[in-house]
2 protein chains.
Amino acid sequence: MSSVANPSGSGMAADIAEQPEVFARLLDERATAITAIAAEIARRAPRAVIFTARGTSDHAALYGAYLAEIRLGLPASLASPSAITLYGARPDLRGCLVIGVSQSGGSPDLVEVVRVAREQGAITLAVTNAPDSPLATAAELNIDIAAGPERAVAATKTYTAELLALLLLIEGVRASGGALAADERSALSALPGLAAQALSDPTAVEIAGRYRFAARLVTTGRGYAYPTARETALKLMETSYLPALAFSGADLLHGPLAMTDPDVPVLAIVGTGPGGRSMRDVLTRLGERRADLVVVSSDVDLEGFALRVPVPAVDERYAPLLDILPLQRLAMALALARGEDPDAPRGLMKVTATL
Amino acid sequence: MSSVANPSGSGMAADIAEQPEVFARLLDERATAITAIAAEIARRAPRAVIFTARGTSDHAALYGAYLAEIRLGLPASLASPSAITLYGARPDLRGCLVIGVSQSGGSPDLVEVVRVAREQGAITLAVTNAPDSPLATAAELNIDIAAGPERAVAATKTYTAELLALLLLIEGVRASGGALAADERSALSALPGLAAQALSDPTAVEIAGRYRFAARLVTTGRGYAYPTARETALKLMETSYLPALAFSGADLLHGPLAMTDPDVPVLAIVGTGPGGRSMRDVLTRLGERRADLVVVSSDVDLEGFALRVPVPAVDERYAPLLDILPLQRLAMALALARGEDPDAPRGLMKVTATL
């Protein structure tokens, strides 16, 4: 599987390291095109936003749904493709914005959902890394995340590029197609530097050894941090075959908490705002159960009762673009520690055809 | 934990066994009230349906979303409470039907979502087992599932009662408040007998021993069967602390398939319609990986390459009310085999307060 010329994980490592550059490229080269699409959407004033995606892109879509609901005040949700593709549902989607998110743009079921949505009167938008793909062609509007070819099978840079593209889109709609507010532009322009900073910290890689013999793991976060918890779990499953269960902090208290004990490591994403504050109760409950707790947080005070993977302190709205970075490195380091090749997990293909 | 007078699991066993009776009671005593609510909703012709729920009830809500989309042709989705409760989102919900589903009706975050939704112009409906609960009071309309007090902490009869209440509601809206079609009435009236039949088969309990030493488990299904896969995973986690990962058949092929090998048991819910047919590819792929496969299906032909838990053959739309029944028994039997008390899992409370 590995060779001196191309050691295991070199592709995933390169994809991960490229993310600050991918952010800078999106901000420099794609922002104008995204602003134009945002202006067109703002002009047509959708009454709801529906995302359709699978796998890693589903977590980017989840972030987009939080953004649309919180920043635009629009009902936003993720669609189950099978209602349309398997059972022939033809919902009335006039005035709805339907956004398909897919790295490859090649999943037949997402293409079908977007095609039907367009027929049913929706404004349709594809967010892909492949502007000539069937999904991009099926949608009326199209955002190219321009992340470049992915070297590893497990998605990393295309995930964060999707997040940033959706952030630019939603903030652009919020600005009604006009210029973003100065503080928003300033926060966005800081992201490439903050991403480089998040990637330079060694803690996540050091912690990976801790999970060498873990039989399972729980990830948790609330609000904007929940997509990060979900994506972390998927990345660990894809590359290390570690059964990782993601729960919103609220859902964790509703049942699966029974599963946590000192033998079950818990990775908690704890932000600086309402989502992070609402996690304090969850952390207390986990502490009472003596769970093995690691927090991904900018808050030094949390070191009092948990190992901490440091991340830059930003508004929770931007945190998903940064918090996942050390966790991608953790997943990769764990895969290597377990003798797996994170570039080519067994049983995985890049484009998965499901209808 | 256990005693001769009240052995471990006797409460959960009684809850499970009561389900045919709960179905009959809902059909006999609650159908008129639900039809009246359906008529009121049909008159107001919502343009979209948004569910809010947590834990087991979230899986009932997922079933409701499939029903609303497929049977009513309405965009339907599950809301993330935190957008409203943590980040103060105030989406315009005029013309939307917002349905809160909760056994206890006591979760503060769901109460808050329904309260805000009502302020924001939504038609609001609570589906609970507690008609005087805060959730039932916060909503304009209210369905009492009348399942009686639950003996065990892990929800069983209230889950299937929520499913049936949502089925009666959606079919009632479809009939625009008039009488259900004769074939629909006939199918519904058969459910108590079919539930008794599903519960009488010993296979699921026999199979439980097989998982005595399993370190993890994967459940999968597509379309209407996906809520069953999710609920099965939660029930196994709550009662046996077995890390169980639920994936839609489509998502499983997108990454987590890498996790499946002969050491990872897979429970697949395979229906008689489009959802079940679309699982055939997934079963083939799992077979290629030599996964330990058990199917929950009415299709005898599947016994060629997997152990089968038999369930009655019904339209996939009704299958979630029946397929879960042997799986509840499996979860309970596994908990007992592992020396746990399924009536009182560690770390679980009946009403969980999250905001």
# chains A, B, ... in the order shown; residues from 1 in each chain; ligands from 1
call {"tool": "closest_atom_pairs", "arguments": {"of": "range 70-133 of chain B", "to": "range 61-79 of chain A", "cutoff": "8 Å", "atoms": "only C-alpha atoms", "output": "CSV"}}
result
residue,atom,partner,partner_atom,distance
B:Ala76,CA,A:Ala79,CA,7.8
B:Ser77,CA,A:Ser77,CA,5.8
B:Leu78,CA,A:Ser77,CA,6.7
B:Ala79,CA,A:Ser77,CA,6.6
B:Ser80,CA,A:Tyr66,CA,7.9
B:Ala83,CA,A:Ile70,CA,6.0
B:Ile84,CA,A:Ile70,CA,7.7
B:Tyr87,CA,A:Ile70,CA,6.6
B:Gly88,CA,A:Ile70,CA,7.2
B:Ala89,CA,A:Ile70,CA,4.6
B:Arg90,CA,A:Gly73,CA,5.6
B:Pro91,CA,A:Gly73,CA,4.1
B:Asp92,CA,A:Leu74,CA,6.3
B:Leu93,CA,A:Pro75,CA,7.1
call {"tool": "residues_around", "arguments": {"residues": "Thr124 in chain B", "least_positions_apart": "3", "cutoff": "8 Å", "atoms": "only C-alpha atoms", "output": "MDAnalysis selection string"}}
result
chainID B and resid 97:100 114 117:118 139:141
call {"tool": "residues_around", "arguments": {"residues": "range 305-308 of chain A", "least_positions_apart": "2", "cutoff": "12 Å", "atoms": "only C-alpha atoms", "output": "VMD selection string"}}
result
chain A and resid 201 to 204 206 to 207 210 265 to 270 280 283 to 284 286 to 288 290 to 303 310 to 311 326
call {"tool": "write_last_selection", "arguments": {"atoms": "C-alpha atoms", "output": "short mmCIF file (atom, residue, chain, number, x, y, z; two decimals), in the first residue's frame"}}
result
data_model
loop_
_atom_site.label_atom_id
_atom_site.label_comp_id
_atom_site.auth_asym_id
_atom_site.auth_seq_id
_atom_site.Cartn_x
_atom_site.Cartn_y
_atom_site.Cartn_z
CA ASP A 201 -0.52 23.32 16.62
CA PRO A 202 0.80 19.80 17.38
CA THR A 203 -1.73 18.84 20.11
CA ALA A 204 -4.22 16.97 17.94
CA GLU A 206 -0.08 14.07 19.91
CA ILE A 207 -3.51 13.11 21.23
CA ARG A 210 -4.29 8.08 22.99
CA PRO A 265 -13.43 8.70 24.82
CA VAL A 266 -15.49 11.82 24.15
CA LEU A 267 -14.38 14.63 21.83
CA ALA A 268 -16.38 17.80 22.53
CA ILE A 269 -16.34 20.87 20.29
CA VAL A 270 -16.92 23.87 22.54
CA ARG A 280 -21.16 23.39 29.81
CA LEU A 283 -19.39 18.63 30.00
CA THR A 284 -20.43 18.56 33.67
CA LEU A 286 -19.77 13.77 31.23
CA GLY A 287 -17.39 14.66 34.05
CA GLU A 288 -19.76 13.08 36.57
CA ARG A 290 -15.80 10.15 34.48
CA ALA A 291 -15.77 10.08 30.70
CA ASP A 292 -12.39 10.46 29.02
CA LEU A 293 -12.90 13.99 27.73
CA VAL A 294 -10.99 16.03 25.15
CA VAL A 295 -12.28 19.49 24.24
CA VAL A 296 -11.62 21.38 21.04
CA SER A 297 -11.82 24.95 22.23
CA SER A 298 -10.13 28.32 22.46
CA ASP A 299 -10.97 28.48 26.17
CA VAL A 300 -7.91 27.84 28.32
CA ASP A 301 -10.11 27.57 31.42
CA LEU A 302 -11.43 24.21 30.18
CA GLU A 303 -8.00 22.71 30.81
CA PRO A 310 -6.46 24.64 21.04
CA VAL A 311 -8.18 26.42 18.16
CA PRO A 326 -6.79 19.74 13.87
#
call {"tool": "select_by_dssp", "arguments": {"residues": "range 242-320 of chain B", "states": "strand (DSSP E)", "output": "PDB file with all heavy atoms, in the first residue's frame"}}
result
ATOM      1  N   ALA B 244     -23.922   1.542  18.257  1.00  0.00           N
ATOM      2  CA  ALA B 244     -24.642   1.135  17.053  1.00  0.00           C
ATOM      3  C   ALA B 244     -24.759   2.339  16.139  1.00  0.00           C
ATOM      4  O   ALA B 244     -25.219   3.398  16.547  1.00  0.00           O
ATOM      5  CB  ALA B 244     -26.021   0.605  17.423  1.00  0.00           C
ATOM      6  N   LEU B 245     -24.309   2.170  14.924  1.00  0.00           N
ATOM      7  CA  LEU B 245     -24.275   3.270  13.957  1.00  0.00           C
ATOM      8  C   LEU B 245     -25.335   3.041  12.907  1.00  0.00           C
ATOM      9  O   LEU B 245     -25.346   1.996  12.254  1.00  0.00           O
ATOM     10  CB  LEU B 245     -22.896   3.324  13.305  1.00  0.00           C
ATOM     11  CG  LEU B 245     -21.763   3.647  14.289  1.00  0.00           C
ATOM     12  CD1 LEU B 245     -20.511   2.857  13.951  1.00  0.00           C
ATOM     13  CD2 LEU B 245     -21.475   5.133  14.280  1.00  0.00           C
ATOM     14  N   ALA B 246     -26.226   3.994  12.732  1.00  0.00           N
ATOM     15  CA  ALA B 246     -27.284   3.884  11.732  1.00  0.00           C
ATOM     16  C   ALA B 246     -26.913   4.698  10.505  1.00  0.00           C
ATOM     17  O   ALA B 246     -26.523   5.856  10.622  1.00  0.00           O
ATOM     18  CB  ALA B 246     -28.605   4.393  12.304  1.00  0.00           C
ATOM     19  N   PHE B 247     -27.048   4.082   9.339  1.00  0.00           N
ATOM     20  CA  PHE B 247     -26.801   4.803   8.091  1.00  0.00           C
ATOM     21  C   PHE B 247     -27.921   4.508   7.123  1.00  0.00           C
ATOM     22  O   PHE B 247     -28.397   3.376   7.056  1.00  0.00           O
ATOM     23  CB  PHE B 247     -25.492   4.349   7.443  1.00  0.00           C
ATOM     24  CG  PHE B 247     -24.275   4.633   8.275  1.00  0.00           C
ATOM     25  CD1 PHE B 247     -23.675   3.620   9.002  1.00  0.00           C
ATOM     26  CD2 PHE B 247     -23.754   5.911   8.340  1.00  0.00           C
ATOM     27  CE1 PHE B 247     -22.567   3.878   9.787  1.00  0.00           C
ATOM     28  CE2 PHE B 247     -22.643   6.176   9.124  1.00  0.00           C
ATOM     29  CZ  PHE B 247     -22.054   5.158   9.848  1.00  0.00           C
ATOM     30  N   SER B 248     -28.308   5.513   6.351  1.00  0.00           N
ATOM     31  CA  SER B 248     -29.165   5.190   5.218  1.00  0.00           C
ATOM     32  C   SER B 248     -28.316   4.327   4.294  1.00  0.00           C
ATOM     33  O   SER B 248     -27.081   4.470   4.251  1.00  0.00           O
ATOM     34  CB  SER B 248     -29.635   6.453   4.502  1.00  0.00           C
ATOM     35  OG  SER B 248     -28.770   6.784   3.444  1.00  0.00           O
ATOM     36  N   PRO B 265     -21.256  -6.684  12.810  1.00  0.00           N
ATOM     37  CA  PRO B 265     -22.590  -7.129  12.418  1.00  0.00           C
ATOM     38  C   PRO B 265     -23.381  -5.978  11.793  1.00  0.00           C
ATOM     39  O   PRO B 265     -23.293  -4.834  12.240  1.00  0.00           O
ATOM     40  CB  PRO B 265     -23.224  -7.566  13.736  1.00  0.00           C
ATOM     41  CG  PRO B 265     -22.335  -7.112  14.829  1.00  0.00           C
ATOM     42  CD  PRO B 265     -21.051  -6.643  14.256  1.00  0.00           C
ATOM     43  N   VAL B 266     -24.144  -6.322  10.769  1.00  0.00           N
ATOM     44  CA  VAL B 266     -24.992  -5.343  10.101  1.00  0.00           C
ATOM     45  C   VAL B 266     -26.435  -5.829  10.154  1.00  0.00           C
ATOM     46  O   VAL B 266     -26.728  -6.973   9.802  1.00  0.00           O
ATOM     47  CB  VAL B 266     -24.577  -5.142   8.630  1.00  0.00           C
ATOM     48  CG1 VAL B 266     -25.508  -4.146   7.937  1.00  0.00           C
ATOM     49  CG2 VAL B 266     -23.129  -4.663   8.531  1.00  0.00           C
ATOM     50  N   LEU B 267     -27.322  -4.967  10.627  1.00  0.00           N
ATOM     51  CA  LEU B 267     -28.762  -5.232  10.637  1.00  0.00           C
ATOM     52  C   LEU B 267     -29.389  -4.372   9.549  1.00  0.00           C
ATOM     53  O   LEU B 267     -29.371  -3.142   9.651  1.00  0.00           O
ATOM     54  CB  LEU B 267     -29.355  -4.807  11.986  1.00  0.00           C
ATOM     55  CG  LEU B 267     -29.485  -5.815  13.111  1.00  0.00           C
ATOM     56  CD1 LEU B 267     -29.918  -5.103  14.385  1.00  0.00           C
ATOM     57  CD2 LEU B 267     -30.501  -6.887  12.745  1.00  0.00           C
ATOM     58  N   ALA B 268     -29.945  -5.003   8.533  1.00  0.00           N
ATOM     59  CA  ALA B 268     -30.522  -4.245   7.424  1.00  0.00           C
ATOM     60  C   ALA B 268     -32.042  -4.412   7.411  1.00  0.00           C
ATOM     61  O   ALA B 268     -32.546  -5.534   7.489  1.00  0.00           O
ATOM     62  CB  ALA B 268     -29.932  -4.713   6.095  1.00  0.00           C
ATOM     63  N   ILE B 269     -32.757  -3.282   7.318  1.00  0.00           N
ATOM     64  CA  ILE B 269     -34.211  -3.315   7.238  1.00  0.00           C
ATOM     65  C   ILE B 269     -34.562  -3.225   5.748  1.00  0.00           C
ATOM     66  O   ILE B 269     -34.249  -2.229   5.097  1.00  0.00           O
ATOM     67  CB  ILE B 269     -34.852  -2.102   7.966  1.00  0.00           C
ATOM     68  CG1 ILE B 269     -34.048  -1.678   9.208  1.00  0.00           C
ATOM     69  CG2 ILE B 269     -36.323  -2.355   8.263  1.00  0.00           C
ATOM     70  CD1 ILE B 269     -33.913  -2.695  10.276  1.00  0.00           C
ATOM     71  N   ASP B 292     -21.246  -9.603   8.493  1.00  0.00           N
ATOM     72  CA  ASP B 292     -22.187 -10.470   9.186  1.00  0.00           C
ATOM     73  C   ASP B 292     -23.564  -9.813   9.090  1.00  0.00           C
ATOM     74  O   ASP B 292     -23.843  -8.825   9.758  1.00  0.00           O
ATOM     75  CB  ASP B 292     -21.771 -10.620  10.652  1.00  0.00           C
ATOM     76  CG  ASP B 292     -22.736 -11.508  11.415  1.00  0.00           C
ATOM     77  OD1 ASP B 292     -23.836 -11.021  11.776  1.00  0.00           O
ATOM     78  OD2 ASP B 292     -22.412 -12.679  11.631  1.00  0.00           O
ATOM     79  N   LEU B 293     -24.406 -10.369   8.216  1.00  0.00           N
ATOM     80  CA  LEU B 293     -25.623  -9.661   7.828  1.00  0.00           C
ATOM     81  C   LEU B 293     -26.883 -10.341   8.364  1.00  0.00           C
ATOM     82  O   LEU B 293     -27.056 -11.548   8.203  1.00  0.00           O
ATOM     83  CB  LEU B 293     -25.681  -9.601   6.297  1.00  0.00           C
ATOM     84  CG  LEU B 293     -26.764  -8.765   5.641  1.00  0.00           C
ATOM     85  CD1 LEU B 293     -26.656  -7.302   6.045  1.00  0.00           C
ATOM     86  CD2 LEU B 293     -26.666  -8.897   4.123  1.00  0.00           C
ATOM     87  N   VAL B 294     -27.731  -9.555   9.000  1.00  0.00           N
ATOM     88  CA  VAL B 294     -29.075 -10.002   9.373  1.00  0.00           C
ATOM     89  C   VAL B 294     -30.057  -9.049   8.714  1.00  0.00           C
ATOM     90  O   VAL B 294     -29.897  -7.824   8.790  1.00  0.00           O
ATOM     91  CB  VAL B 294     -29.266  -9.994  10.907  1.00  0.00           C
ATOM     92  CG1 VAL B 294     -30.734 -10.194  11.276  1.00  0.00           C
ATOM     93  CG2 VAL B 294     -28.409 -11.081  11.560  1.00  0.00           C
ATOM     94  N   VAL B 295     -31.074  -9.597   8.040  1.00  0.00           N
ATOM     95  CA  VAL B 295     -32.080  -8.742   7.415  1.00  0.00           C
ATOM     96  C   VAL B 295     -33.405  -8.864   8.165  1.00  0.00           C
ATOM     97  O   VAL B 295     -33.773  -9.937   8.633  1.00  0.00           O
ATOM     98  CB  VAL B 295     -32.305  -9.083   5.914  1.00  0.00           C
ATOM     99  CG1 VAL B 295     -31.061  -8.775   5.097  1.00  0.00           C
ATOM    100  CG2 VAL B 295     -32.737 -10.530   5.732  1.00  0.00           C
ATOM    101  N   VAL B 296     -34.065  -7.727   8.276  1.00  0.00           N
ATOM    102  CA  VAL B 296     -35.421  -7.692   8.812  1.00  0.00           C
ATOM    103  C   VAL B 296     -36.316  -7.496   7.601  1.00  0.00           C
ATOM    104  O   VAL B 296     -36.310  -6.424   6.983  1.00  0.00           O
ATOM    105  CB  VAL B 296     -35.580  -6.540   9.822  1.00  0.00           C
ATOM    106  CG1 VAL B 296     -37.012  -6.461  10.328  1.00  0.00           C
ATOM    107  CG2 VAL B 296     -34.598  -6.716  10.974  1.00  0.00           C
ATOM    108  N   SER B 297     -37.046  -8.545   7.243  1.00  0.00           N
ATOM    109  CA  SER B 297     -37.724  -8.512   5.948  1.00  0.00           C
ATOM    110  C   SER B 297     -38.819  -9.561   5.892  1.00  0.00           C
ATOM    111  O   SER B 297     -38.760 -10.580   6.584  1.00  0.00           O
ATOM    112  CB  SER B 297     -36.699  -8.771   4.826  1.00  0.00           C
ATOM    113  OG  SER B 297     -37.340  -8.820   3.566  1.00  0.00           O
ATOM    114  N   LEU B 307     -29.144 -14.236   7.544  1.00  0.00           N
ATOM    115  CA  LEU B 307     -30.148 -14.584   8.534  1.00  0.00           C
ATOM    116  C   LEU B 307     -31.302 -13.609   8.387  1.00  0.00           C
ATOM    117  O   LEU B 307     -31.101 -12.431   8.105  1.00  0.00           O
ATOM    118  CB  LEU B 307     -29.576 -14.454   9.944  1.00  0.00           C
ATOM    119  CG  LEU B 307     -28.819 -15.654  10.496  1.00  0.00           C
ATOM    120  CD1 LEU B 307     -28.237 -15.309  11.855  1.00  0.00           C
ATOM    121  CD2 LEU B 307     -29.763 -16.853  10.616  1.00  0.00           C
ATOM    122  N   ARG B 308     -32.537 -14.073   8.627  1.00  0.00           N
ATOM    123  CA  ARG B 308     -33.681 -13.195   8.421  1.00  0.00           C
ATOM    124  C   ARG B 308     -34.551 -13.162   9.671  1.00  0.00           C
ATOM    125  O   ARG B 308     -34.900 -14.209  10.213  1.00  0.00           O
ATOM    126  CB  ARG B 308     -34.519 -13.675   7.232  1.00  0.00           C
ATOM    127  CG  ARG B 308     -35.713 -12.794   6.917  1.00  0.00           C
ATOM    128  CD  ARG B 308     -36.416 -13.247   5.655  1.00  0.00           C
ATOM    129  NE  ARG B 308     -37.197 -14.460   5.869  1.00  0.00           N
ATOM    130  CZ  ARG B 308     -38.520 -14.487   6.101  1.00  0.00           C
ATOM    131  NH1 ARG B 308     -39.221 -13.362   6.083  1.00  0.00           N
ATOM    132  NH2 ARG B 308     -39.146 -15.638   6.285  1.00  0.00           N
ATOM    133  N   VAL B 309     -34.889 -11.964  10.105  1.00  0.00           N
ATOM    134  CA  VAL B 309     -35.928 -11.774  11.120  1.00  0.00           C
ATOM    135  C   VAL B 309     -37.221 -11.513  10.357  1.00  0.00           C
ATOM    136  O   VAL B 309     -37.344 -10.493   9.675  1.00  0.00           O
ATOM    137  CB  VAL B 309     -35.605 -10.575  12.032  1.00  0.00           C
ATOM    138  CG1 VAL B 309     -36.761 -10.301  12.987  1.00  0.00           C
ATOM    139  CG2 VAL B 309     -34.312 -10.809  12.801  1.00  0.00           C
ATOM    140  N   PRO B 310     -38.188 -12.432  10.436  1.00  0.00           N
ATOM    141  CA  PRO B 310     -39.390 -12.259   9.621  1.00  0.00           C
ATOM    142  C   PRO B 310     -40.314 -11.183  10.185  1.00  0.00           C
ATOM    143  O   PRO B 310     -40.478 -11.069  11.402  1.00  0.00           O
ATOM    144  CB  PRO B 310     -40.061 -13.633   9.671  1.00  0.00           C
ATOM    145  CG  PRO B 310     -39.577 -14.260  10.934  1.00  0.00           C
ATOM    146  CD  PRO B 310     -38.207 -13.691  11.214  1.00  0.00           C
TER     147      PRO B 310
END
call {"tool": "residues_around", "arguments": {"residues": "Arg185 in chain A", "least_positions_apart": "3", "cutoff": "12 Å", "atoms": "only C-alpha atoms", "output": "NGL selection string"}}
result
:A and (27-28 or 31 or 167-168 or 171-172 or 175 or 179-182 or 188-191)
call {"tool": "closest_residue", "arguments": {"among": "B:Pro108, B:Pro274, B:Gly339, B:Pro262", "to": "chain A", "atoms": "only C-alpha atoms"}}
result
B:Pro274
call {"tool": "select_by_dssp", "arguments": {"residues": "range 1-83 of chain A", "states": "alpha helix (DSSP H)", "output": "PDB file with C-alpha atoms, in the first residue's frame"}}
result
ATOM      1  CA  SER A  10       0.953  11.756   1.912  1.00  0.00           C
ATOM      2  CA  GLY A  11      -2.061  12.651  -0.212  1.00  0.00           C
ATOM      3  CA  MET A  12      -4.317  13.356   2.766  1.00  0.00           C
ATOM      4  CA  ALA A  13      -1.517  15.320   4.438  1.00  0.00           C
ATOM      5  CA  ALA A  14      -1.124  17.479   1.336  1.00  0.00           C
ATOM      6  CA  ASP A  15      -4.898  18.022   1.057  1.00  0.00           C
ATOM      7  CA  ILE A  16      -5.061  19.066   4.719  1.00  0.00           C
ATOM      8  CA  ALA A  17      -2.064  21.390   4.483  1.00  0.00           C
ATOM      9  CA  GLN A  19      -6.567  24.474   3.224  1.00  0.00           C
ATOM     10  CA  PRO A  20      -5.259  27.963   4.099  1.00  0.00           C
ATOM     11  CA  GLU A  21      -4.400  28.385   0.426  1.00  0.00           C
ATOM     12  CA  VAL A  22      -7.817  27.050  -0.647  1.00  0.00           C
ATOM     13  CA  PHE A  23      -9.503  29.622   1.620  1.00  0.00           C
ATOM     14  CA  ALA A  24      -7.348  32.422   0.184  1.00  0.00           C
ATOM     15  CA  ARG A  25      -8.121  31.320  -3.376  1.00  0.00           C
ATOM     16  CA  ALA A  31     -15.928  35.809  -4.129  1.00  0.00           C
ATOM     17  CA  THR A  32     -17.109  37.969  -7.043  1.00  0.00           C
ATOM     18  CA  ALA A  33     -18.867  35.067  -8.755  1.00  0.00           C
ATOM     19  CA  ILE A  34     -20.484  33.989  -5.474  1.00  0.00           C
ATOM     20  CA  THR A  35     -21.611  37.562  -4.754  1.00  0.00           C
ATOM     21  CA  ALA A  36     -23.318  37.676  -8.141  1.00  0.00           C
ATOM     22  CA  ILE A  37     -25.196  34.450  -7.384  1.00  0.00           C
ATOM     23  CA  ALA A  38     -26.095  35.760  -3.918  1.00  0.00           C
ATOM     24  CA  ALA A  39     -27.485  38.928  -5.517  1.00  0.00           C
ATOM     25  CA  GLU A  40     -29.631  36.893  -7.904  1.00  0.00           C
ATOM     26  CA  ILE A  41     -30.969  34.779  -5.027  1.00  0.00           C
ATOM     27  CA  ALA A  42     -31.614  37.864  -2.860  1.00  0.00           C
ATOM     28  CA  ARG A  43     -33.538  39.431  -5.762  1.00  0.00           C
ATOM     29  CA  ARG A  44     -35.795  36.368  -5.954  1.00  0.00           C
ATOM     30  CA  THR A  56     -19.041  14.865   4.166  1.00  0.00           C
ATOM     31  CA  SER A  57     -20.962  17.342   2.027  1.00  0.00           C
ATOM     32  CA  ASP A  58     -24.038  16.647   4.162  1.00  0.00           C
ATOM     33  CA  HIS A  59     -22.154  18.175   7.079  1.00  0.00           C
ATOM     34  CA  ALA A  60     -21.333  21.255   5.005  1.00  0.00           C
ATOM     35  CA  ALA A  61     -25.042  21.421   4.141  1.00  0.00           C
ATOM     36  CA  LEU A  62     -25.922  21.218   7.834  1.00  0.00           C
ATOM     37  CA  TYR A  63     -23.698  24.233   8.445  1.00  0.00           C
ATOM     38  CA  GLY A  64     -25.407  26.008   5.561  1.00  0.00           C
ATOM     39  CA  ALA A  65     -28.813  25.267   7.089  1.00  0.00           C
ATOM     40  CA  TYR A  66     -27.783  26.810  10.445  1.00  0.00           C
ATOM     41  CA  LEU A  67     -26.445  29.857   8.586  1.00  0.00           C
ATOM     42  CA  ALA A  68     -29.592  30.287   6.496  1.00  0.00           C
ATOM     43  CA  GLU A  69     -31.863  29.979   9.497  1.00  0.00           C
ATOM     44  CA  ILE A  70     -29.840  32.185  11.856  1.00  0.00           C
ATOM     45  CA  ARG A  71     -28.446  34.768   9.429  1.00  0.00           C
ATOM     46  CA  LEU A  72     -31.300  34.975   6.918  1.00  0.00           C
ATOM     47  CA  PRO A  81     -33.352  12.373  -1.404  1.00  0.00           C
ATOM     48  CA  SER A  82     -35.209   9.064  -1.249  1.00  0.00           C
ATOM     49  CA  ALA A  83     -38.643  10.699  -0.898  1.00  0.00           C
TER      50      ALA A  83
END
call {"tool": "atom_distance", "arguments": {"atom1": "CA of Ile143 in chain A", "atom2": "CA of Arg317 in chain A"}}
result
20.7 Å
call {"tool": "residues_around", "arguments": {"residues": "Leu135 in chain A", "least_positions_apart": "5", "cutoff": "10 Å", "atoms": "only C-alpha atoms", "output": "PyMOL selection string"}}
result
chain A and resi 100-115+125-128+130+140+142
call {"tool": "write_last_selection", "arguments": {"atoms": "N, CA and C atoms", "output": "CSV table (one decimal), in the first residue's frame"}}
result
chain,number,residue,atom,x,y,z
A,100,GLY,N,-27.8,21.8,-3.9
A,100,GLY,CA,-27.1,20.5,-3.9
A,100,GLY,C,-25.6,20.7,-3.6
A,101,VAL,N,-25.1,20.0,-2.6
A,101,VAL,CA,-23.7,20.2,-2.3
A,101,VAL,C,-23.0,18.9,-2.5
A,102,SER,N,-21.9,18.9,-3.3
A,102,SER,CA,-21.3,17.6,-3.6
A,102,SER,C,-19.9,17.9,-4.2
A,103,GLN,N,-18.9,17.3,-3.7
A,103,GLN,CA,-17.5,17.5,-4.2
A,103,GLN,C,-17.5,17.2,-5.6
A,104,SER,N,-17.9,16.0,-6.0
A,104,SER,CA,-17.7,15.5,-7.4
A,104,SER,C,-18.9,16.0,-8.3
A,105,GLY,N,-20.0,16.3,-7.7
A,105,GLY,CA,-21.1,16.6,-8.5
A,105,GLY,C,-21.7,15.5,-9.3
A,106,GLY,N,-21.3,14.2,-8.9
A,106,GLY,CA,-21.6,13.1,-9.7
A,106,GLY,C,-22.6,12.1,-9.1
A,107,SER,N,-23.1,12.4,-7.9
A,107,SER,CA,-24.1,11.4,-7.3
A,107,SER,C,-25.4,11.5,-8.0
A,108,PRO,N,-25.8,10.4,-8.6
A,108,PRO,CA,-27.1,10.4,-9.4
A,108,PRO,C,-28.3,10.8,-8.6
A,109,ASP,N,-28.4,10.5,-7.3
A,109,ASP,CA,-29.6,10.8,-6.6
A,109,ASP,C,-29.6,12.3,-6.3
A,110,LEU,N,-28.5,13.0,-6.1
A,110,LEU,CA,-28.6,14.4,-5.9
A,110,LEU,C,-28.9,15.1,-7.2
A,111,VAL,N,-28.4,14.6,-8.3
A,111,VAL,CA,-28.7,15.2,-9.6
A,111,VAL,C,-30.2,15.1,-9.8
A,112,GLU,N,-30.8,13.9,-9.5
A,112,GLU,CA,-32.2,13.7,-9.6
A,112,GLU,C,-33.0,14.7,-8.8
A,113,VAL,N,-32.6,14.8,-7.5
A,113,VAL,CA,-33.3,15.8,-6.6
A,113,VAL,C,-33.3,17.2,-7.2
A,114,VAL,N,-32.2,17.6,-7.6
A,114,VAL,CA,-32.0,19.0,-8.1
A,114,VAL,C,-32.8,19.1,-9.4
A,115,ARG,N,-32.8,18.1,-10.3
A,115,ARG,CA,-33.6,18.2,-11.5
A,115,ARG,C,-35.1,18.3,-11.2
A,125,LEU,N,-29.4,25.5,-7.0
A,125,LEU,CA,-28.0,25.9,-7.0
A,125,LEU,C,-27.2,24.7,-6.7
A,126,ALA,N,-26.1,24.5,-7.4
A,126,ALA,CA,-25.1,23.4,-7.1
A,126,ALA,C,-23.9,24.1,-6.5
A,127,VAL,N,-23.4,23.5,-5.5
A,127,VAL,CA,-22.1,23.9,-4.9
A,127,VAL,C,-21.2,22.7,-5.1
A,128,THR,N,-20.2,22.7,-6.0
A,128,THR,CA,-19.4,21.6,-6.3
A,128,THR,C,-17.9,22.0,-6.5
A,130,ALA,N,-16.6,20.6,-9.2
A,130,ALA,CA,-16.6,20.1,-10.5
A,130,ALA,C,-17.6,20.9,-11.4
A,140,GLU,N,-29.8,25.4,-11.9
A,140,GLU,CA,-29.8,26.7,-12.6
A,140,GLU,C,-28.6,27.5,-12.3
A,142,ASN,N,-24.7,27.9,-10.1
A,142,ASN,CA,-23.6,27.0,-9.9
A,142,ASN,C,-22.5,27.7,-9.2
